[in-house]
>>> print(open('entry-v6.cif').read())   # mmCIF, C-alpha atoms and all ligand atoms
data_model
loop_
_atom_site.label_atom_id
_atom_site.label_comp_id
_atom_site.auth_asym_id
_atom_site.auth_seq_id
_atom_site.Cartn_x
_atom_site.Cartn_y
_atom_site.Cartn_z
CA MET J 1 -74.02 63.87 81.63
CA ALA J 2 -74.90 66.09 78.73
CA LEU J 3 -74.80 65.03 75.15
CA ARG J 4 -74.39 67.46 72.30
CA ASN J 5 -75.54 67.07 68.74
CA ILE J 6 -72.79 65.85 66.45
CA ARG J 7 -72.76 67.94 63.30
CA GLN J 8 -72.67 65.98 60.07
CA ILE J 9 -70.72 66.52 56.87
CA GLY J 10 -72.33 69.28 54.81
CA ASP J 11 -72.74 71.48 57.91
CA SER J 12 -70.56 74.52 57.21
CA VAL J 13 -69.33 74.67 60.83
CA LEU J 14 -67.12 71.67 59.98
CA ASN J 15 -65.22 73.64 57.34
CA LYS J 16 -64.27 76.64 59.46
CA LYS J 17 -61.02 77.45 61.21
CA CYS J 18 -61.33 77.39 65.00
CA LYS J 19 -60.17 80.13 67.36
CA GLU J 20 -57.34 79.77 69.81
CA ILE J 21 -58.35 79.46 73.46
CA LYS J 22 -56.92 82.16 75.73
CA GLU J 23 -58.23 81.12 79.13
CA MET J 24 -60.14 78.36 80.87
CA THR J 25 -63.69 79.36 81.67
CA SER J 26 -66.56 77.51 83.29
CA ARG J 27 -68.25 77.40 79.87
CA LEU J 28 -65.19 75.75 78.41
CA GLU J 29 -65.07 73.24 81.26
CA VAL J 30 -68.67 72.30 80.54
CA LEU J 31 -67.90 72.04 76.82
CA ILE J 32 -65.04 69.61 77.50
CA GLU J 33 -67.19 67.45 79.82
CA ASP J 34 -69.98 67.40 77.24
CA MET J 35 -67.52 66.52 74.45
CA LEU J 36 -66.24 63.56 76.48
CA ASP J 37 -69.79 62.36 77.22
CA THR J 38 -70.72 62.76 73.57
CA MET J 39 -67.62 60.94 72.32
CA TYR J 40 -68.12 57.95 74.65
CA GLU J 41 -71.84 57.75 73.93
CA ALA J 42 -71.12 57.69 70.19
CA GLN J 43 -68.29 55.13 70.73
CA GLY J 44 -65.77 57.36 69.01
CA VAL J 45 -62.06 57.59 69.77
CA GLY J 46 -61.93 61.36 69.36
CA LEU J 47 -64.03 64.48 69.02
CA ALA J 48 -63.18 68.06 68.11
CA ALA J 49 -65.16 71.11 69.24
CA PRO J 50 -66.42 72.08 65.76
CA GLN J 51 -68.14 68.68 65.60
CA VAL J 52 -70.47 69.94 68.31
CA GLY J 53 -70.75 73.35 66.67
CA VAL J 54 -68.15 75.24 68.71
CA LEU J 55 -65.33 76.95 66.80
CA LYS J 56 -62.67 76.63 69.50
CA ARG J 57 -59.34 74.81 69.40
CA VAL J 58 -60.06 71.90 71.72
CA VAL J 59 -60.13 68.15 71.08
CA VAL J 60 -60.73 65.08 73.22
CA ILE J 61 -59.26 61.67 72.42
CA ASP J 62 -59.46 58.23 74.03
CA VAL J 63 -58.26 55.42 71.79
CA THR J 64 -59.04 52.87 74.54
CA GLN J 65 -62.68 54.08 74.75
CA GLU J 66 -62.53 53.12 78.43
CA ALA J 67 -63.04 56.60 79.87
CA ASN J 68 -60.13 56.20 82.29
CA HIS J 69 -57.57 58.57 80.85
CA PRO J 70 -59.04 60.70 78.12
CA ILE J 71 -56.64 63.14 76.48
CA VAL J 72 -57.85 66.74 76.44
CA LEU J 73 -55.85 69.07 74.20
CA ILE J 74 -56.27 72.82 74.00
CA ASN J 75 -54.65 74.71 71.10
CA PRO J 76 -52.87 71.52 69.93
CA GLU J 77 -50.11 71.72 67.35
CA ILE J 78 -48.26 68.91 65.64
CA ILE J 79 -44.54 69.55 66.16
CA GLU J 80 -43.06 66.30 64.89
CA THR J 81 -44.10 63.39 62.69
CA SER J 82 -42.40 60.32 61.29
CA GLY J 83 -43.18 57.18 59.37
CA GLU J 84 -46.36 56.34 57.56
CA GLN J 85 -49.44 54.18 58.16
CA THR J 86 -52.25 53.43 55.77
CA GLY J 87 -55.56 52.21 57.13
CA GLU J 88 -59.26 52.61 57.72
CA GLU J 89 -60.48 55.86 59.14
CA GLY J 90 -63.92 57.06 60.14
CA CYS J 91 -65.45 60.13 61.73
CA LEU J 92 -68.45 60.78 63.95
CA SER J 93 -69.36 63.57 61.52
CA VAL J 94 -69.45 61.15 58.59
CA MET J 95 -71.70 58.48 60.12
CA GLY J 96 -71.72 54.99 58.68
CA LYS J 97 -68.76 55.53 56.36
CA SER J 98 -65.07 54.83 56.38
CA GLY J 99 -62.16 55.13 54.01
CA ILE J 100 -58.47 54.48 53.60
CA VAL J 101 -56.20 57.32 54.72
CA THR J 102 -52.41 57.52 54.99
CA ARG J 103 -51.12 59.30 58.09
CA PRO J 104 -47.80 59.53 59.92
CA ASP J 105 -47.13 56.55 62.17
CA TYR J 106 -45.67 58.75 64.90
CA VAL J 107 -46.83 62.18 65.97
CA LYS J 108 -45.73 64.55 68.70
CA VAL J 109 -48.17 67.28 69.74
CA ARG J 110 -47.68 70.36 71.85
CA ALA J 111 -50.81 71.71 73.53
CA LEU J 112 -52.25 73.03 76.75
CA GLY J 113 -53.93 70.67 79.18
CA LYS J 114 -57.21 71.34 80.99
CA ASP J 115 -55.25 73.33 83.57
CA MET J 116 -53.87 75.51 80.71
CA LYS J 117 -50.33 74.24 81.39
CA PRO J 118 -48.17 73.22 78.41
CA ILE J 119 -48.06 69.50 77.68
CA GLU J 120 -46.63 67.25 75.01
CA VAL J 121 -48.33 64.09 73.81
CA GLU J 122 -46.71 61.45 71.66
CA GLY J 123 -48.63 58.79 69.81
CA THR J 124 -48.07 55.94 67.41
CA GLN J 125 -50.51 53.90 65.32
CA LEU J 126 -54.16 54.64 66.24
CA LEU J 127 -53.28 57.48 68.61
CA ALA J 128 -51.10 59.14 65.95
CA ARG J 129 -53.97 58.80 63.49
CA ALA J 130 -56.48 60.23 65.97
CA LEU J 131 -54.23 63.20 66.80
CA CYS J 132 -53.86 64.10 63.11
CA HIS J 133 -57.57 63.57 62.42
CA GLU J 134 -58.81 65.68 65.34
CA ILE J 135 -56.32 68.50 64.82
CA ASP J 136 -57.37 68.63 61.14
CA HIS J 137 -60.93 69.34 62.35
CA LEU J 138 -59.70 72.54 64.04
CA ASP J 139 -58.65 73.89 60.65
CA GLY J 140 -61.88 72.88 58.98
CA HIS J 141 -60.61 69.68 57.35
CA LEU J 142 -62.33 66.31 57.24
CA TYR J 143 -60.63 62.99 56.51
CA VAL J 144 -62.78 62.53 53.41
CA GLU J 145 -60.50 65.05 51.65
CA LYS J 146 -57.62 62.61 52.12
CA VAL J 147 -59.32 59.31 51.34
CA GLN J 148 -57.63 57.07 48.80
CA GLY J 149 -60.31 55.59 46.57
CA GLU J 150 -63.96 55.69 47.62
CA LEU J 151 -65.66 56.05 50.97
CA HIS J 152 -67.51 52.86 51.84
CA ASP J 153 -70.34 51.87 54.14
CA VAL J 154 -69.15 50.62 57.53
CA THR J 155 -72.08 48.19 57.89
CA GLU J 156 -71.05 46.28 54.77
CA GLU J 157 -67.57 45.84 56.15
CA GLN J 158 -68.55 44.56 59.58
CA GLU J 159 -68.31 40.87 60.36
ZN ZN J 201 -63.65 63.40 62.78
#
>>> encode(input="entry-v6.cif", output="structure tokens")
Amino acid sequence: MALRNIRQIGDSVLNKKCKEIKEMTSRLEVLIEDMLDTMYEAQGVGLAAPQVGVLKRVVVIDVTQEANHPIVLINPEIIETSGEQTGEEGCLSVMGKSGIVTRPDYVKVRALGKDMKPIEVEGTQLLARALCHEIDHLDGHLYVEKVQGELHDVTEEQE
């Protein structure tokens, strides 16, 4: 298990566009394993490569946080959306904060899996939100750009 440092807002690596991945390499395999370890350790539901300082188009997502079936998406692209949901969103690169963001309620994504074969992933609710959020990271966008109202401290909101 190898944990990587999660870059925080203000780090310019989070505002850059990531490069498409052309082939699976052993370095990329290690990156994906490390991203999964880092996401679970931080109790996040998703992590994008730029958050660990790597400008490549790869994200990992697990809305169950159970580590059974993480979703690994290479070069993901949103090909369909519908509906709307408005709710709390946070980011491992904006520690301790959350804010209200409106996202589609359904999203369909085309990507490559870890074996570099084409896959499609559909998600509603939290998964749809996570797909949009993580794919935004690959183009250098953070959810804070989309927050309605102010960011607030997570600790104050917890029961
Ligand atoms: Zn994020």
>>> axis_aligned_box(input="entry-v6.cif", around="region 46-59 of chain J", padding_each_side="6 Å", output="AutoDock Vina command-line options")
--center_x -65.0 --center_y 69.2 --center_z 68.7 --size_x 23.4 --size_y 27.6 --size_z 18.1
>>> closest_residue(input="entry-v6.cif", among="J:Ser82, J:Ser93, J:Gln43, J:Thr64", to="Ile6 (chain J)", atoms="only C-alpha atoms")
J:Ser93
>>> closest_residue(input="entry-v6.cif", among="J:Lys19, J:Lys117, J:Lys97, J:His152", to="ligand ZN 201 (chain J)", atoms="all atoms listed in the file")
J:Lys97
>>> residues_near_ligand(input="entry-v6.cif", ligand="ligand ZN 201 (chain J)", cutoff="7 Å", atoms="only C-alpha atoms and all ligand atoms", output="list in words")
Leu47, Gly90, Cys91, Leu92, Ser93, His133, Glu134, His137, Leu142 and Tyr143 of chain J
>>> closest_residue(input="entry-v6.cif", among="J:Pro76, J:Val58, J:Gly46, J:Leu14", to="Glu120 (chain J)", atoms="all atoms listed in the file")
J:Pro76
>>> residues_around(input="entry-v6.cif", residues="Val109 (chain J)", least_positions_apart="6", cutoff="6 Å", atoms="only C-alpha atoms", output="PyMOL selection string")
chain J and resi 77-79+120-121
>>> closest_residue(input="entry-v6.cif", among="J:Val154, J:Ile71, J:Met95, J:Met116", to="Leu28 (chain J)", atoms="only C-alpha atoms")
J:Met116
>>> atom_distance(input="entry-v6.cif", atom1="CA of Glu33 (chain J)", atom2="CA of Met1 (chain J)")
7.9 Å
>>> atom_distance(input="entry-v6.cif", atom1="CA of Gln51 (chain J)", atom2="CA of Lys108 (chain J)")
23.0 Å
>>> closest_residue(input="entry-v6.cif", among="J:Ala67, J:Val147, J:Val72, J:Leu55", to="Val101 (chain J)", atoms="only C-alpha atoms")
J:Val147
>>> atom_distance(input="entry-v6.cif", atom1="CA of Asp105 (chain J)", atom2="CA of Gln85 (chain J)")
5.2 Å
>>> closest_residue(input="entry-v6.cif", among="J:Glu122, J:Glu84, J:Glu23, J:Asp153", to="Gly96 (chain J)", atoms="all atoms listed in the file")
J:Asp153
